[in-house]
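Chemist: The structure file my_file03.csv (CSV, C-alpha atoms) is provided below.
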```
chain,number,residue,atom,x,y,z
A,867,GLY,CA,15.1,-18.2,49.4
A,868,ALA,CA,16.8,-21.1,51.2
A,869,VAL,CA,14.7,-24.2,51.4
A,870,GLU,CA,14.6,-26.4,54.5
A,871,GLY,CA,15.7,-29.9,54.1
A,872,THR,CA,18.0,-29.0,51.2
A,873,SER,CA,21.8,-29.4,51.3
A,874,TYR,CA,24.0,-26.4,50.4
A,875,ASN,CA,27.7,-25.8,49.9
A,876,VAL,CA,29.0,-22.5,51.2
A,877,SER,CA,32.5,-21.1,50.5
A,878,ASN,CA,34.3,-17.8,50.4
A,879,THR,CA,37.4,-16.4,48.6
A,880,ALA,CA,39.3,-13.3,49.4
A,881,GLY,CA,42.4,-12.8,47.5
A,882,SER,CA,44.8,-15.6,48.3
A,883,TYR,CA,43.0,-16.3,51.6
A,884,SER,CA,40.0,-18.3,52.3
A,885,TRP,CA,37.8,-19.2,55.3
A,886,GLN,CA,35.8,-22.3,56.0
A,887,VAL,CA,32.4,-22.9,57.5
A,888,LEU,CA,32.9,-24.3,61.0
A,889,GLU,CA,29.4,-25.3,61.8
A,890,ASN,CA,26.6,-26.9,59.8
A,891,ILE,CA,24.4,-24.6,57.7
A,892,VAL,CA,21.0,-23.9,59.2
A,893,VAL,CA,18.1,-23.1,57.0
A,894,GLU,CA,14.9,-21.8,58.6
A,895,ASP,CA,12.1,-19.7,57.3
A,896,GLY,CA,13.9,-19.1,54.1
A,897,GLN,CA,17.1,-17.8,55.9
A,898,MET,CA,20.5,-19.4,55.9
A,899,THR,CA,22.7,-19.2,59.0
A,900,PHE,CA,26.2,-20.5,59.3
A,901,THR,CA,29.4,-19.9,61.4
A,902,PHE,CA,32.8,-19.4,59.9
A,903,ASP,CA,36.4,-18.9,61.1
A,904,SER,CA,37.3,-15.2,60.6
A,905,SER,CA,40.8,-15.5,62.1
A,906,THR,CA,42.2,-16.8,58.9
A,907,THR,CA,41.6,-13.7,56.9
A,908,SER,CA,40.8,-10.0,57.2
A,909,ARG,CA,38.9,-9.9,53.9
A,910,MET,CA,35.4,-11.1,53.4
A,911,GLY,CA,35.5,-11.7,49.6
A,912,ALA,CA,32.5,-13.2,47.8
A,913,ILE,CA,30.2,-15.8,49.3
A,914,VAL,CA,29.4,-18.7,47.0
A,915,ILE,CA,26.3,-20.7,47.7
A,916,ARG,CA,25.3,-23.7,45.7
A,917,GLN,CA,22.4,-26.1,46.2
A,918,ILE,CA,23.4,-29.7,46.3
A,919,SER,CA,21.0,-32.5,45.1
A,920,SER,CA,20.9,-35.8,46.9
A,921,SER,CA,22.8,-37.5,44.0
A,922,GLU,CA,25.6,-34.9,44.2
A,923,THR,CA,26.1,-34.9,48.0
A,924,SER,CA,28.9,-37.5,47.9
A,925,SER,CA,30.9,-35.3,45.5
A,926,ASP,CA,30.5,-31.9,47.3
A,927,ASP,CA,34.1,-31.6,48.4
A,928,ALA,CA,35.5,-32.1,45.0
A,929,GLU,CA,33.2,-29.5,43.4
A,930,THR,CA,34.0,-27.0,46.2
A,931,ASP,CA,37.7,-27.4,45.4
A,932,ASP,CA,37.1,-26.9,41.7
A,933,SER,CA,35.1,-23.7,42.5
A,934,LYS,CA,38.0,-22.3,44.5
A,935,GLU,CA,40.5,-22.9,41.7
A,936,ASP,CA,38.2,-21.3,39.1
A,937,THR,CA,37.7,-18.1,41.1
A,938,GLY,CA,41.4,-17.7,42.0
A,939,SER,CA,42.4,-14.1,42.8
A,940,THR,CA,39.7,-12.4,40.7
A,941,GLY,CA,38.0,-9.3,42.2
A,942,SER,CA,34.7,-9.6,44.0
A,943,SER,CA,32.5,-8.2,41.1
A,944,GLU,CA,34.1,-10.6,38.6
A,945,ASP,CA,33.6,-13.5,41.0
A,946,ALA,CA,30.0,-12.7,41.4
A,947,GLN,CA,29.6,-12.6,37.6
A,948,SER,CA,31.4,-16.0,37.2
A,949,THR,CA,28.9,-17.4,39.7
A,950,GLU,CA,25.9,-16.5,37.4
A,951,THR,CA,27.5,-16.9,33.9
A,952,PRO,CA,29.7,-19.9,32.8
A,953,SER,CA,33.3,-18.9,32.2
A,954,GLU,CA,34.9,-18.9,28.8
A,955,ASP,CA,36.9,-22.0,29.8
A,956,THR,CA,33.7,-23.7,30.7
A,957,GLN,CA,32.1,-22.8,27.3
A,958,SER,CA,35.2,-24.0,25.4
A,959,THR,CA,34.8,-27.3,27.2
A,960,GLU,CA,31.2,-27.7,26.0
A,961,THR,CA,31.8,-26.5,22.4
A,962,PRO,CA,34.5,-28.1,20.3
A,963,SER,CA,37.3,-25.8,19.2
A,964,GLU,CA,38.0,-24.9,15.6
A,965,ASP,CA,41.2,-27.0,15.7
A,966,ALA,CA,39.2,-29.9,17.0
A,967,THR,CA,36.6,-29.4,14.3
A,968,GLU,CA,39.2,-29.2,11.5
A,969,ALA,CA,40.9,-32.3,12.9
A,970,GLU,CA,37.6,-34.2,12.8
A,971,ASP,CA,36.9,-32.9,9.2
A,972,ALA,CA,40.4,-34.0,8.2
A,973,SER,CA,39.9,-37.4,9.7
A,974,THR,CA,36.6,-37.8,7.9
A,975,THR,CA,38.2,-36.7,4.6
A,976,ASP,CA,41.1,-39.1,5.1
A,977,SER,CA,38.6,-41.9,5.8
A,978,THR,CA,36.6,-41.1,2.7
A,979,GLU,CA,39.8,-40.9,0.5
A,980,ALA,CA,40.8,-44.3,2.0
A,981,ASP,CA,37.5,-45.8,1.1
A,982,ASN,CA,37.7,-44.4,-2.4
A,983,THR,CA,41.3,-45.7,-2.8
A,984,SER,CA,40.2,-49.1,-1.6
A,985,THR,CA,37.3,-49.1,-4.1
A,986,ASN,CA,39.7,-48.1,-7.0
A,987,ILE,CA,42.1,-50.9,-6.1
A,988,GLU,CA,39.2,-53.4,-6.1
A,989,ASP,CA,38.1,-52.1,-9.5
A,990,GLU,CA,41.6,-52.4,-10.9
A,991,GLN,CA,42.0,-55.9,-9.5
A,992,THR,CA,38.6,-57.2,-10.6
A,993,PRO,CA,38.4,-57.9,-14.4
A,994,LYS,CA,35.5,-56.2,-16.2
A,995,SER,CA,32.9,-58.5,-17.7
A,996,ASP,CA,33.0,-56.8,-21.1
A,997,THR,CA,36.8,-57.2,-21.2
A,998,VAL,CA,36.4,-61.0,-20.7
A,999,GLU,CA,33.8,-61.1,-23.4
A,1000,GLN,CA,36.1,-59.3,-25.8
A,1001,ALA,CA,38.9,-61.8,-25.0
A,1002,GLN,CA,36.5,-64.6,-25.8
A,1003,THR,CA,35.4,-63.0,-29.0
A,1004,VAL,CA,38.9,-62.7,-30.2
A,1005,GLU,CA,39.6,-66.3,-29.3
A,1006,THR,CA,36.5,-67.6,-31.2
A,1007,THR,CA,37.2,-65.5,-34.4
A,1008,GLU,CA,40.7,-66.9,-34.9
A,1009,THR,CA,41.5,-67.0,-38.7
A,1010,VAL,CA,41.4,-70.4,-40.4
A,1011,ALA,CA,43.3,-70.4,-43.7
A,1012,VAL,CA,42.0,-72.0,-46.9
A,1013,THR,CA,44.0,-75.1,-48.0
A,1014,GLY,CA,42.2,-76.0,-51.3
A,1015,VAL,CA,39.0,-76.0,-53.4
A,1016,LYS,CA,37.1,-78.7,-55.3
A,1017,LEU,CA,34.2,-78.7,-57.8
A,1018,ASN,CA,31.3,-81.2,-58.1
A,1019,LYS,CA,32.2,-81.9,-61.8
A,1020,LYS,CA,35.5,-81.8,-63.6
A,1021,LYS,CA,33.7,-81.9,-67.0
A,1022,LYS,CA,30.1,-81.5,-68.1
A,1023,THR,CA,28.3,-81.7,-71.5
A,1024,ILE,CA,25.2,-79.5,-72.0
A,1025,ARG,CA,23.3,-78.2,-75.0
A,1026,VAL,CA,22.8,-74.7,-76.3
A,1027,GLY,CA,20.3,-72.9,-74.1
A,1028,GLN,CA,20.7,-75.2,-71.1
A,1029,THR,CA,22.3,-74.3,-67.7
A,1030,PHE,CA,24.5,-76.1,-65.3
A,1031,GLN,CA,25.2,-75.2,-61.6
A,1032,ILE,CA,28.8,-75.7,-60.5
A,1033,GLU,CA,29.0,-76.6,-56.8
A,1034,THR,CA,32.2,-75.5,-55.1
A,1035,THR,CA,33.7,-76.8,-51.8
A,1036,VAL,CA,36.3,-74.8,-50.0
A,1037,ASN,CA,38.7,-76.7,-47.7
A,1038,PRO,CA,38.7,-76.8,-44.8
A,1039,THR,CA,35.0,-76.4,-44.5
A,1040,ASN,CA,35.5,-74.1,-41.5
A,1041,ALA,CA,37.9,-71.8,-43.3
A,1042,THR,CA,37.3,-68.2,-42.3
A,1043,ASN,CA,37.2,-66.8,-45.9
A,1044,GLN,CA,35.0,-69.0,-48.1
A,1045,GLU,CA,34.8,-66.5,-51.0
A,1046,VAL,CA,35.6,-67.6,-54.5
A,1047,THR,CA,35.4,-66.1,-58.0
A,1048,TYR,CA,34.4,-67.8,-61.3
A,1049,LYS,CA,35.8,-67.2,-64.8
A,1050,THR,CA,35.1,-68.7,-68.2
A,1051,SER,CA,37.7,-69.2,-70.9
A,1052,ASN,CA,35.1,-68.5,-73.7
A,1053,SER,CA,32.1,-66.4,-72.9
A,1054,LYS,CA,30.7,-67.0,-76.5
A,1055,VAL,CA,30.4,-70.7,-75.8
A,1056,ALA,CA,29.5,-70.7,-72.1
A,1057,LYS,CA,28.9,-67.9,-69.6
A,1058,VAL,CA,29.2,-68.2,-65.8
A,1059,ASP,CA,27.8,-65.9,-63.1
A,1060,ALA,CA,29.1,-65.0,-59.7
A,1061,ASN,CA,27.3,-68.0,-58.1
A,1062,GLY,CA,28.7,-70.5,-60.5
A,1063,LEU,CA,25.7,-70.9,-62.8
A,1064,VAL,CA,26.8,-71.8,-66.3
A,1065,LYS,CA,24.7,-71.1,-69.4
A,1066,ALA,CA,25.5,-72.7,-72.8
A,1067,LYS,CA,25.4,-70.1,-75.6
A,1068,LYS,CA,27.0,-71.8,-78.6
A,1069,VAL,CA,28.4,-75.1,-79.7
A,1070,GLY,CA,32.0,-75.5,-78.6
A,1071,THR,CA,34.0,-75.9,-75.4
A,1072,ALA,CA,34.9,-73.6,-72.5
A,1073,THR,CA,36.7,-74.0,-69.2
A,1074,ILE,CA,35.2,-72.6,-66.0
A,1075,THR,CA,37.9,-71.8,-63.4
A,1076,VAL,CA,37.0,-71.2,-59.7
A,1077,THR,CA,39.6,-69.4,-57.5
A,1078,THR,CA,39.6,-68.8,-53.8
A,1079,LYS,CA,40.2,-65.3,-52.5
A,1080,ASP,CA,42.2,-66.7,-49.6
A,1081,GLY,CA,45.3,-68.4,-51.0
A,1082,SER,CA,44.3,-68.2,-54.6
A,1083,TYR,CA,43.6,-72.0,-54.8
A,1084,SER,CA,41.8,-73.0,-58.1
A,1085,ALA,CA,39.9,-75.8,-59.7
A,1086,LYS,CA,38.5,-76.2,-63.2
A,1087,CYS,CA,35.5,-77.7,-65.1
A,1088,LYS,CA,35.5,-78.3,-68.8
A,1089,ILE,CA,32.2,-77.5,-70.4
A,1090,THR,CA,31.2,-79.0,-73.8
A,1091,VAL,CA,28.3,-77.4,-75.5
A,1092,LYS,CA,26.3,-79.3,-78.1
A,1093,LYS,CA,23.6,-78.4,-80.5
A,1094,ALA,CA,20.2,-78.0,-78.9
A,1095,ILE,CA,17.4,-80.4,-79.6
A,1096,LYS,CA,14.7,-78.2,-80.8
A,1097,VAL,CA,11.0,-78.3,-79.8
A,1098,THR,CA,8.8,-79.4,-82.6
A,1099,SER,CA,5.3,-79.1,-81.0
A,1100,VAL,CA,3.2,-78.8,-77.8
A,1101,LYS,CA,-0.2,-80.3,-76.9
A,1102,LEU,CA,-2.7,-79.9,-74.0
A,1103,ASN,CA,-4.5,-82.7,-72.3
A,1104,LYS,CA,-7.8,-80.9,-73.0
A,1105,SER,CA,-8.8,-78.8,-75.9
A,1106,SER,CA,-12.0,-77.7,-74.1
A,1107,LYS,CA,-13.2,-78.0,-70.5
A,1108,LYS,CA,-16.4,-77.1,-68.5
A,1109,ILE,CA,-15.7,-75.9,-64.9
A,1110,LYS,CA,-18.2,-75.1,-62.2
A,1111,LEU,CA,-18.0,-71.6,-60.7
A,1112,GLY,CA,-15.4,-71.4,-58.0
A,1113,LYS,CA,-13.7,-74.7,-59.0
A,1114,THR,CA,-10.2,-75.3,-60.5
A,1115,TYR,CA,-8.8,-77.5,-63.2
A,1116,GLN,CA,-5.2,-78.6,-64.0
A,1117,LEU,CA,-4.1,-78.3,-67.6
A,1118,LYS,CA,-1.1,-80.3,-68.7
A,1119,ALA,CA,1.3,-79.5,-71.6
A,1120,LYS,CA,3.2,-82.1,-73.5
A,1121,VAL,CA,6.3,-80.9,-75.4
A,1122,LYS,CA,7.8,-82.8,-78.3
A,1123,PRO,CA,10.3,-84.3,-78.7
A,1124,THR,CA,10.6,-85.5,-75.1
A,1125,ASN,CA,14.3,-85.0,-75.2
A,1126,ALA,CA,14.1,-81.4,-76.4
A,1127,THR,CA,16.7,-79.2,-74.9
A,1128,VAL,CA,14.4,-76.5,-73.6
A,1129,LYS,CA,10.9,-77.6,-72.6
A,1130,ASP,CA,9.9,-74.4,-70.8
A,1131,VAL,CA,6.4,-73.0,-71.5
A,1132,THR,CA,4.3,-70.0,-70.6
A,1133,TRP,CA,0.5,-69.8,-69.9
A,1134,LYS,CA,-2.1,-67.0,-70.7
A,1135,THR,CA,-5.8,-66.5,-70.3
A,1136,SER,CA,-8.0,-64.5,-72.8
A,1137,ASN,CA,-10.3,-63.3,-70.0
A,1138,SER,CA,-9.0,-63.1,-66.4
A,1139,LYS,CA,-12.5,-62.0,-65.2
A,1140,ILE,CA,-13.9,-65.4,-66.3
A,1141,ALA,CA,-10.9,-67.7,-65.6
A,1142,THR,CA,-7.3,-67.3,-64.5
A,1143,VAL,CA,-4.3,-69.6,-65.0
A,1144,ASP,CA,-1.1,-69.8,-63.1
A,1145,SER,CA,2.5,-70.7,-64.2
A,1146,THR,CA,1.8,-74.4,-63.8
A,1147,GLY,CA,-1.4,-74.4,-65.9
A,1148,LYS,CA,-3.9,-74.5,-63.0
A,1149,VAL,CA,-7.2,-72.8,-64.1
A,1150,THR,CA,-9.6,-71.2,-61.6
A,1151,ALA,CA,-13.2,-70.4,-62.6
A,1152,LEU,CA,-14.2,-66.9,-61.4
A,1153,LYS,CA,-17.4,-66.0,-63.3
A,1154,LYS,CA,-19.9,-67.6,-65.7
A,1155,GLY,CA,-18.7,-67.3,-69.3
A,1156,THR,CA,-15.9,-68.5,-71.6
A,1157,ALA,CA,-12.2,-67.9,-71.7
A,1158,THR,CA,-9.3,-69.4,-73.8
A,1159,ILE,CA,-6.2,-70.7,-72.1
A,1160,THR,CA,-3.0,-70.6,-74.3
A,1161,VAL,CA,0.3,-72.4,-73.7
A,1162,LYS,CA,3.4,-71.4,-75.6
A,1163,THR,CA,6.9,-73.1,-75.8
A,1164,LYS,CA,9.9,-70.8,-75.2
A,1165,ASP,CA,11.8,-72.8,-77.8
A,1166,GLY,CA,10.2,-72.3,-81.2
A,1167,LYS,CA,7.1,-70.5,-79.8
A,1168,HIS,CA,4.8,-73.4,-80.5
A,1169,ILE,CA,1.3,-73.0,-79.0
A,1170,ALA,CA,-1.8,-75.0,-77.9
A,1171,LYS,CA,-5.2,-73.8,-76.7
A,1172,CYS,CA,-8.0,-74.9,-74.4
A,1173,LYS,CA,-11.5,-73.4,-74.3
A,1174,ILE,CA,-12.8,-73.0,-70.7
A,1175,THR,CA,-16.6,-72.7,-70.0
A,1176,VAL,CA,-17.6,-71.6,-66.6
A,1177,LYS,CA,-21.1,-72.8,-65.5
```
Here is a file; write its structure as structure tokens.
Modeler:
Amino acid sequence: GAVEGTSYNVSNTAGSYSWQVLENIVVEDGQMTFTFDSSTTSRMGAIVIRQISSSETSSDDAETDDSKEDTGSTGSSEDAQSTETPSEDTQSTETPSEDATEAEDASTTDSTEADNTSTNIEDEQTPKSDTVEQAQTVETTETVAVTGVKLNKKKKTIRVGQTFQIETTVNPTNATNQEVTYKTSNSKVAKVDANGLVKAKKVGTATITVTTKDGSYSAKCKITVKKAIKVTSVKLNKSSKKIKLGKTYQLKAKVKPTNATVKDVTWKTSNSKIATVDSTGKVTALKKGTATITVKTKDGKHIAKCKITVK
């Protein structure tokens, strides 16, 4: 099966002896012919023939030496087998050993752990944004203590039935706790609610005291309650009025005396399907017909009426 024009390397091993080809290899009609020196050994051994490509020609000698070392003193049958099948040493060269694989895995693990360690260090060294925000929050909510409290009035005179709003200022104005409490010295004369609204109940005097929850600072206002000026009558600007359907009209109530303590009034309609009235006396015509609008004073329950005709 030799091919003409193709280079070959021929060698022989026999125990610890070897022979060499003395003349060039001749390939003709598929047959290979060569001359060797038989004086160097009495044993033939195995003939090793290897085809050499043009790119490998320059390294034939080195490969031949390697082939001799690999075959060594192995028997002829074993040498023939090694020619056809790669040796275990050759296979181990091509496939990484278990030790090498474990070493590579260990190296990879070490590298990963090193990366994780580096990441952890960076995480520890880099402040978290939420931590910074918490620090800022603590800084902005620093407690500011109260240093005092003042009222808009130190004394006030009102009449029975009237009200008065106490206005309180806590100092400093940016104090953290602005809460205060109110207390009256005589609830029969004047009452005060949680927002500082005073209502006169009876002729007499009472002291309203405001106290801060922070520091217990206090301020006082003296309330003098006088007799109320009673309402004597109430009148409307119109006793009767014609209104077109869909239109409105403003009734006005006049309470006497003009300096009456309580001038509050209420409004009412006799027929809400014909005409309605709101809390200010504004009448709205809804349907043709008639309705009576009545105004009444809270003090004395004095009344006045107006007849509304809707066209």
Chemist: In file coordinates, which residues lie within 10 Å of (29.7, -67.4, -65.7) using all atoms listed in the file, given as a list in words?
Modeler: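 I get Gln1031, Ile1032, Thr1047, Tyr1048, Lys1049, Thr1050, Ser1051, Asn1052, Ser1053, Ala1056, Lys1057, Val1058, Asp1059, Ala1060, Asn1061, Gly1062, Leu1063, Val1064, Lys1065, Ala1066, Ile1074 and Thr1075 of chain A for the residues within 10 Å of that point.
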Chemist: Next, write the just-selected residues to a file, as a JSON list (two decimals), in the frame of the given file, keeping C-alpha atoms as the atom set.
Modeler:
```json
[["chain", "number", "residue", "atom", "x", "y", "z"],
["A", 1031, "GLN", "CA", 25.20, -75.20, -61.60],
["A", 1032, "ILE", "CA", 28.80, -75.70, -60.50],
["A", 1047, "THR", "CA", 35.40, -66.10, -58.00],
["A", 1048, "TYR", "CA", 34.40, -67.80, -61.30],
["A", 1049, "LYS", "CA", 35.80, -67.20, -64.80],
["A", 1050, "THR", "CA", 35.10, -68.70, -68.20],
["A", 1051, "SER", "CA", 37.70, -69.20, -70.90],
["A", 1052, "ASN", "CA", 35.10, -68.50, -73.70],
["A", 1053, "SER", "CA", 32.10, -66.40, -72.90],
["A", 1056, "ALA", "CA", 29.50, -70.70, -72.10],
["A", 1057, "LYS", "CA", 28.90, -67.90, -69.60],
["A", 1058, "VAL", "CA", 29.20, -68.20, -65.80],
["A", 1059, "ASP", "CA", 27.80, -65.90, -63.10],
["A", 1060, "ALA", "CA", 29.10, -65.00, -59.70],
["A", 1061, "ASN", "CA", 27.30, -68.00, -58.10],
["A", 1062, "GLY", "CA", 28.70, -70.50, -60.50],
["A", 1063, "LEU", "CA", 25.70, -70.90, -62.80],
["A", 1064, "VAL", "CA", 26.80, -71.80, -66.30],
["A", 1065, "LYS", "CA", 24.70, -71.10, -69.40],
["A", 1066, "ALA", "CA", 25.50, -72.70, -72.80],
["A", 1074, "ILE", "CA", 35.20, -72.60, -66.00],
["A", 1075, "THR", "CA", 37.90, -71.80, -63.40]]
```
Chemist: Could you check the closest approach to Ala1151 (chain A) for each of A:Lys1021, A:Lys1113, A:Lys1108, A:His1168 and tell me which residue wins, using all atoms listed in the file?
Modeler: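 The closest residue to Ala1151 (chain A) is A:Lys1113.
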Chemist: Write out as JSON, numbers by chain the residues lying within 8 Å of region 1087-1097 of chain A, counting only C-alpha atoms and excluding same-chain residues fewer than 3 positions away.
Modeler: {"A": [1017, 1019, 1020, 1021, 1022, 1023, 1024, 1025, 1026, 1027, 1055, 1056, 1066, 1067, 1068, 1069, 1070, 1071, 1072, 1073, 1074, 1075, 1121, 1122, 1123, 1125, 1126, 1127, 1128, 1129, 1163, 1165, 1166, 1168]}
Chemist: I'd like the interatomic distance between CA of Thr1009 (chain A) and CA of Glu1033 (chain A), to a tenth of an Å.
Modeler: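 Separation between CA of Thr1009 (chain A) and CA of Glu1033 (chain A): 24.0 Å.
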Chemist: Which value, in Å to one decimal, gives the distance between CA of Tyr1083 (chain A) and CA of Gln1028 (chain A)?
Modeler: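 So the two atoms, CA of Tyr1083 (chain A) and CA of Gln1028 (chain A), lie 28.3 Å apart.
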Chemist: Figure out the distance between CA of Val1015 (chain A) and CA of Ala1085 (chain A), please, to one decimal in Å.
Modeler: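 Computing the Euclidean distance for CA of Ala1085 (chain A) and CA of Val1015 (chain A) yields 6.4 Å.
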Chemist: Go through A:Val1143, A:Asn1043, A:Asn1137, A:Lys1118 and flag the residue nearest Lys1101 (chain A), using all atoms listed in the file for the distances.
Modeler: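 Closest to Lys1101 (chain A) of all the choices is A:Lys1118.
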Chemist: Rank nothing, just name the residue among A:Lys1167, A:Lys1120, A:Lys1134, A:Lys1110 nearest to Gly1155 (chain A), using only C-alpha atoms.
Modeler: A:Lys1110
Chemist: So that I can see what lies close to Lys1153 (chain A), please list as a PyMOL selection string the residues with an atom at most 12 Å from it, counting all atoms listed in the file and leaving out residues fewer than 6 positions away in the same chain.
Modeler: chain A and resi 1109-1113+1137-1142+1174-1177
Chemist: Provide an axis-aligned box for all listed atoms of region 1152-1158 of chain A, padding each side by 4 Å; report its centre and its edge lengths in Å to one decimal, as AutoDock Vina command-line options.
Modeler:
```
--center_x -14.6 --center_y -67.7 --center_z -67.6 --size_x 18.6 --size_y 11.4 --size_z 20.4
```
Chemist: For Glu1045 (chain A), which residue out of A:Phe1030, A:Val1076, A:Thr1156, A:Ser1105 is the nearest one, using all atoms listed in the file?
Modeler: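 Nearest candidate to Glu1045 (chain A) out of A:Phe1030, A:Val1076, A:Thr1156, A:Ser1105: A:Val1076.
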Chemist: Tell me, as an NGL selection string, which residues lie within 6 Å of region 1158-1160 of chain A, counting all atoms listed in the file; anything in the same chain fewer than 2 positions away does not count.
Modeler: :A and (1133-1136 or 1170-1174)
Chemist: Using C-alpha atoms, can you write the selected residues to a file as a PDB file, keeping the file's coordinate frame?
Modeler:
```
ATOM      1  CA  TRP A1133       0.500 -69.800 -69.900  1.00  0.00           C
ATOM      2  CA  LYS A1134      -2.100 -67.000 -70.700  1.00  0.00           C
ATOM      3  CA  THR A1135      -5.800 -66.500 -70.300  1.00  0.00           C
ATOM      4  CA  SER A1136      -8.000 -64.500 -72.800  1.00  0.00           C
ATOM      5  CA  ALA A1170      -1.800 -75.000 -77.900  1.00  0.00           C
ATOM      6  CA  LYS A1171      -5.200 -73.800 -76.700  1.00  0.00           C
ATOM      7  CA  CYS A1172      -8.000 -74.900 -74.400  1.00  0.00           C
ATOM      8  CA  LYS A1173     -11.500 -73.400 -74.300  1.00  0.00           C
ATOM      9  CA  ILE A1174     -12.800 -73.000 -70.700  1.00  0.00           C
TER      10      ILE A1174
END
```
